[in-house]
Amino acid sequence: MTPEDRGCPVLDMAARAPHAQNALLRSAGPAVRVELPGGVIAWSVTRSEVIRALAGDPRVSRDPRKHWPGLADVPEGWPLAPLALQQTFFNLYGGEHRAARRRMTPSFAPRRVAALRSGIEATTAELLDAIGRLGPGEAVDVRRALSLPLTMTVICDLFGVPAAMRPVLGEAMDSLLITASTPDRIRAAQAEMDALLTGLLHLKRRRPGADLASDVAAVPTGGDGRPTEEQSRDTLFLMIGAGYETAVNLITSAVHALLTHRRFLALVQEGTLGWEDVIEETLRHEGPVMHLPLRYALEDIDLGEGVVVRRGEPILLAFGAAGRDPEVHPDRPDDFDPTRPAKDHLAFGHGPHFCLGAPLARLEAEVALSGFFGSYPDAVLAPEGPPPVRLRSAVVNGPAELWIVPAPVPA
């Protein structure tokens with residue numbers, strides 16, 4: 001840590017007030033040094049224009065093994081390691097990234113995703129039926145009852161994950177993305193995840209099927225530029241996690257927003273406001289991914305206002321902050337308002353690393369929201385339930401639980 005870094009703000013890994021912290025950082029400049037766990041100093045970028053520029057800049061890499069001199073000093077059990085240090089196309093640079101991404105792109109093409117609608121609708125209907133078995137006035141956590149099992153079912157069906165493995169896989173995934181965890185808990189969650197995904201790869205090699213995990217397992221590992229076993233495992237972690245965590249938080253945040261802003265729910269129910277409007281405004285207002293670690297400067301980059309990111313320094317782009325940038329949304333950027341004409345956001349990233357699963361997340365949200373509010377138009381937030389608390393994560397963003405009453409007792 002250099003003298004100029006001493007006293008720089010510490011990024012809150014528990015995300016207790018992420019939007020307030022982002023606003024302070026945004027006001028301080030195009031990029032601001034912040035301290036991450038383990039004493040790692042990174043440039044936090046919260047302005048939409050600068051995020052766009054850096055996300056598409058060929059002078060910026062995601063590959064820590066090639067372009068981050070400070071990697072050797074990262075402590076074991078570092079909370080950001082599951083994403084920042086994984087060995088997948090997610091963290092490759094340039095031509096290597098483009099070639100690896102092309103192999104995965106067809107699996108999430110819009111036409112292929114659209115073909116999943118009937119299955120998503122069937123799963124949603126089953127979950128809504130279960131909610132319907134509650135008694136009048138009985139509360140349920142909509143994240144656990146709808147958002148999480150729906151998104152986990154969809155992505156696990158795509159990857160052919162056995163039913164018995166799904167609950168523990170989801171729990172391990174959640175644990176790895178809770179950046180407020182201790183190093184010991186991160187190490188334990190990582191070991192559990194490695195064991196699960198290694199087991200899944202071995203299963204698919206013995207009994208391959210028509211699923212994406214079998215496709216990953218079928219690629220030979222080791223030597224001659226082939227992926228290692230660790231890289232194959234990391235690929236499964238990335239694709240399953242990205243397909244699950246983004247959608248579960250999007251759905252839960254949208255339900256919360258509509259139940260706390262019922263005038264907009266009324267507009268949807270009368271047909272003057274569309275689900276697309278609600279989904280895009282939720283992505284702007286509460287992006288399901290807040291910070292996505294990390295990127296690294298390949299050369300000195302002058303961002304203006306006296307800010308120069310030096311070669312090899314890490315960069316933390318706050319994609320979830322971009323939608324509330326007052327330069328982009330000068331009219332009440334912190335208010336949820338799906339009637340606003342422009343809903344620009346970077347919730348799915350930008351540039352070469354734009355999220356492959358964006359069409360799937362949008363589809364899941366549209367089916368889940370229309371199904372839930374179609375079945376339970378009078379649902380309310382549980383009056384005696386705990387107030388929603390945020391996930392204790394600087395990476396994923398949304399309510400950790402959301403207690404609602406789907407069928408209130410008649411007055």
# chains A, B, ... in the order shown; residues from 1 in each chain; ligands from 1

$ residues_around --residues "A:Ala382" --least-positions-apart "3" --cutoff "7 Å" --atoms "only C-alpha atoms" --output "list of chain:residue names"
A:Ala139, A:Gly385, A:Trp403, A:Ile404, A:Val405

$ write_last_selection --atoms "N, CA, C and O atoms" --output "compact mmCIF listing (two decimals), in the first residue's frame"
# COMPACT_ATOMS: atom_id res chain seq x y z
N ALA A 139 -47.69 -16.17 5.50
CA ALA A 139 -46.59 -15.52 4.79
C ALA A 139 -45.62 -16.55 4.23
O ALA A 139 -45.50 -17.68 4.72
N GLY A 385 -43.65 -9.48 9.07
CA GLY A 385 -42.40 -10.12 8.68
C GLY A 385 -41.22 -9.18 8.87
O GLY A 385 -41.39 -7.96 9.01
N TRP A 403 -40.45 -11.57 2.53
CA TRP A 403 -41.65 -12.21 3.07
C TRP A 403 -42.89 -11.47 2.58
O TRP A 403 -43.02 -10.27 2.75
N ILE A 404 -43.78 -12.24 1.98
CA ILE A 404 -45.03 -11.66 1.45
C ILE A 404 -46.20 -12.54 1.88
O ILE A 404 -46.04 -13.69 2.25
N VAL A 405 -47.37 -11.93 1.83
CA VAL A 405 -48.63 -12.65 2.06
C VAL A 405 -49.35 -12.71 0.73
O VAL A 405 -49.85 -11.68 0.24

$ select_by_dssp --residues "stretch 67-136 of chain A" --states "helix (DSSP H, G or I)" --output "VMD selection string"
chain A and resid 67 69 to 73 81 to 84 89 to 91 94 to 108 110 to 114 117 to 132

$ write_last_selection --atoms "N, CA and C atoms" --output "short mmCIF file (atom, residue, chain, number, x, y, z; two decimals), in the first residue's frame"
data_model
loop_
_atom_site.label_atom_id
_atom_site.label_comp_id
_atom_site.auth_asym_id
_atom_site.auth_seq_id
_atom_site.Cartn_x
_atom_site.Cartn_y
_atom_site.Cartn_z
N HIS A 67 -1.85 -10.10 -16.33
CA HIS A 67 -1.82 -8.64 -16.31
C HIS A 67 -1.98 -8.02 -14.93
N PRO A 69 0.24 -7.71 -11.63
CA PRO A 69 1.45 -8.01 -10.86
C PRO A 69 1.17 -8.27 -9.39
N GLY A 70 0.09 -7.70 -8.85
CA GLY A 70 -0.22 -7.87 -7.43
C GLY A 70 -0.86 -9.19 -7.09
N LEU A 71 -1.09 -10.06 -8.07
CA LEU A 71 -1.76 -11.34 -7.81
C LEU A 71 -1.03 -12.17 -6.77
N ALA A 72 0.29 -12.11 -6.79
CA ALA A 72 1.08 -12.93 -5.86
C ALA A 72 0.83 -12.56 -4.40
N ASP A 73 0.34 -11.37 -4.16
CA ASP A 73 0.12 -10.92 -2.77
C ASP A 73 -1.30 -11.15 -2.28
N ALA A 81 -12.03 -13.95 -4.82
CA ALA A 81 -11.33 -14.94 -5.65
C ALA A 81 -12.25 -15.78 -6.52
N PRO A 82 -13.43 -16.24 -6.02
CA PRO A 82 -14.26 -17.11 -6.85
C PRO A 82 -14.57 -16.55 -8.23
N LEU A 83 -14.69 -15.22 -8.35
CA LEU A 83 -14.92 -14.61 -9.66
C LEU A 83 -13.64 -14.05 -10.27
N ALA A 84 -12.88 -13.33 -9.46
CA ALA A 84 -11.71 -12.62 -9.99
C ALA A 84 -10.62 -13.56 -10.48
N PHE A 89 -13.27 -18.53 -19.83
CA PHE A 89 -13.28 -17.50 -20.86
C PHE A 89 -13.65 -16.14 -20.28
N PHE A 90 -14.35 -16.15 -19.14
CA PHE A 90 -14.75 -14.93 -18.43
C PHE A 90 -13.54 -14.05 -18.15
N ASN A 91 -12.40 -14.66 -17.84
CA ASN A 91 -11.22 -13.90 -17.47
C ASN A 91 -10.11 -13.96 -18.51
N GLY A 94 -8.65 -10.67 -25.09
CA GLY A 94 -8.46 -10.55 -26.52
C GLY A 94 -8.96 -11.74 -27.31
N GLY A 95 -8.09 -12.23 -28.21
CA GLY A 95 -8.48 -13.32 -29.09
C GLY A 95 -8.82 -14.59 -28.36
N GLU A 96 -8.12 -14.86 -27.25
CA GLU A 96 -8.43 -16.06 -26.46
C GLU A 96 -9.86 -15.98 -25.94
N HIS A 97 -10.25 -14.81 -25.46
CA HIS A 97 -11.60 -14.64 -24.94
C HIS A 97 -12.63 -14.79 -26.05
N ARG A 98 -12.38 -14.16 -27.18
CA ARG A 98 -13.36 -14.22 -28.28
C ARG A 98 -13.58 -15.65 -28.75
N ALA A 99 -12.49 -16.41 -28.88
CA ALA A 99 -12.60 -17.79 -29.36
C ALA A 99 -13.37 -18.66 -28.36
N ALA A 100 -13.06 -18.51 -27.06
CA ALA A 100 -13.73 -19.31 -26.04
C ALA A 100 -15.20 -18.91 -25.90
N ARG A 101 -15.48 -17.62 -26.00
CA ARG A 101 -16.86 -17.16 -25.87
C ARG A 101 -17.72 -17.66 -27.03
N ARG A 102 -17.15 -17.70 -28.24
CA ARG A 102 -17.90 -18.18 -29.40
C ARG A 102 -18.40 -19.61 -29.21
N ARG A 103 -17.64 -20.40 -28.45
CA ARG A 103 -18.05 -21.79 -28.24
C ARG A 103 -19.29 -21.88 -27.35
N MET A 104 -19.48 -20.88 -26.47
CA MET A 104 -20.62 -20.91 -25.54
C MET A 104 -21.82 -20.13 -26.05
N THR A 105 -21.60 -19.18 -26.94
CA THR A 105 -22.67 -18.29 -27.38
C THR A 105 -23.91 -19.01 -27.92
N PRO A 106 -23.77 -20.05 -28.75
CA PRO A 106 -24.99 -20.69 -29.29
C PRO A 106 -25.93 -21.25 -28.22
N SER A 107 -25.38 -21.63 -27.07
CA SER A 107 -26.21 -22.20 -26.01
C SER A 107 -27.20 -21.19 -25.43
N PHE A 108 -26.90 -19.88 -25.58
CA PHE A 108 -27.75 -18.85 -25.00
C PHE A 108 -28.27 -17.89 -26.06
N PRO A 110 -30.85 -16.07 -28.50
CA PRO A 110 -32.25 -15.72 -28.22
C PRO A 110 -33.25 -16.77 -28.70
N ARG A 111 -33.03 -17.35 -29.88
CA ARG A 111 -34.00 -18.33 -30.38
C ARG A 111 -34.01 -19.58 -29.50
N ARG A 112 -32.82 -20.01 -29.06
CA ARG A 112 -32.76 -21.19 -28.21
C ARG A 112 -33.37 -20.91 -26.85
N VAL A 113 -33.15 -19.70 -26.34
CA VAL A 113 -33.74 -19.31 -25.06
C VAL A 113 -35.25 -19.26 -25.17
N ALA A 114 -35.79 -18.72 -26.26
CA ALA A 114 -37.24 -18.63 -26.44
C ALA A 114 -37.89 -20.01 -26.40
N ARG A 117 -39.36 -21.32 -23.03
CA ARG A 117 -40.49 -20.67 -22.36
C ARG A 117 -41.47 -21.68 -21.76
N SER A 118 -41.86 -22.70 -22.52
CA SER A 118 -42.89 -23.62 -22.02
C SER A 118 -42.42 -24.32 -20.75
N GLY A 119 -41.16 -24.70 -20.70
CA GLY A 119 -40.63 -25.34 -19.50
C GLY A 119 -40.59 -24.38 -18.32
N ILE A 120 -40.21 -23.14 -18.58
CA ILE A 120 -40.18 -22.13 -17.52
C ILE A 120 -41.59 -21.87 -16.99
N GLU A 121 -42.54 -21.81 -17.89
CA GLU A 121 -43.94 -21.60 -17.48
C GLU A 121 -44.45 -22.77 -16.65
N ALA A 122 -44.08 -23.99 -17.03
CA ALA A 122 -44.53 -25.17 -16.28
C ALA A 122 -43.95 -25.17 -14.87
N THR A 123 -42.66 -24.87 -14.76
CA THR A 123 -42.03 -24.83 -13.43
C THR A 123 -42.64 -23.73 -12.58
N THR A 124 -42.87 -22.57 -13.19
CA THR A 124 -43.49 -21.45 -12.46
C THR A 124 -44.86 -21.84 -11.95
N ALA A 125 -45.65 -22.50 -12.78
CA ALA A 125 -47.00 -22.92 -12.38
C ALA A 125 -46.96 -23.86 -11.18
N GLU A 126 -46.01 -24.79 -11.17
CA GLU A 126 -45.88 -25.71 -10.04
C GLU A 126 -45.55 -24.97 -8.75
N LEU A 127 -44.63 -24.03 -8.85
CA LEU A 127 -44.23 -23.26 -7.66
C LEU A 127 -45.38 -22.38 -7.17
N LEU A 128 -46.12 -21.79 -8.09
CA LEU A 128 -47.26 -20.96 -7.69
C LEU A 128 -48.37 -21.79 -7.08
N ASP A 129 -48.55 -23.01 -7.57
CA ASP A 129 -49.54 -23.90 -6.95
C ASP A 129 -49.17 -24.20 -5.51
N ALA A 130 -47.89 -24.41 -5.26
CA ALA A 130 -47.44 -24.69 -3.88
C ALA A 130 -47.70 -23.49 -2.98
N ILE A 131 -47.43 -22.28 -3.50
CA ILE A 131 -47.72 -21.08 -2.73
C ILE A 131 -49.22 -20.98 -2.45
N GLY A 132 -50.03 -21.40 -3.41
CA GLY A 132 -51.48 -21.34 -3.26
C GLY A 132 -52.03 -22.23 -2.17
#

$ closest_residue --among "A:Leu356, A:Gly209, A:Leu317, A:Glu171" --to "A:Val32" --atoms "only C-alpha atoms"
A:Leu317

$ closest_atom_pairs --of "stretch 123-197 of chain A" --to "stretch 219-234 of chain A" --cutoff "10 Å" --atoms "only C-alpha atoms" --output "Markdown table"
| residue | atom | partner | partner_atom | distance |
| --- | --- | --- | --- | --- |
| A:Met193 | CA | A:Arg233 | CA | 9.2 |
| A:Asp194 | CA | A:Arg233 | CA | 7.1 |
| A:Ala195 | CA | A:Arg233 | CA | 9.5 |
| A:Leu196 | CA | A:Arg233 | CA | 9.3 |
| A:Leu197 | CA | A:Arg233 | CA | 5.8 |

$ residues_around --residues "stretch 304-314 of chain A" --least-positions-apart "5" --cutoff "9 Å" --atoms "only C-alpha atoms" --output "MDAnalysis selection string"
chainID A and resid 29:32 40:43 64 67:70 293:299

$ closest_residue --among "A:Phe237, A:Trp275, A:Phe319, A:Phe354" --to "A:Arg47" --atoms "only C-alpha atoms"
A:Phe319
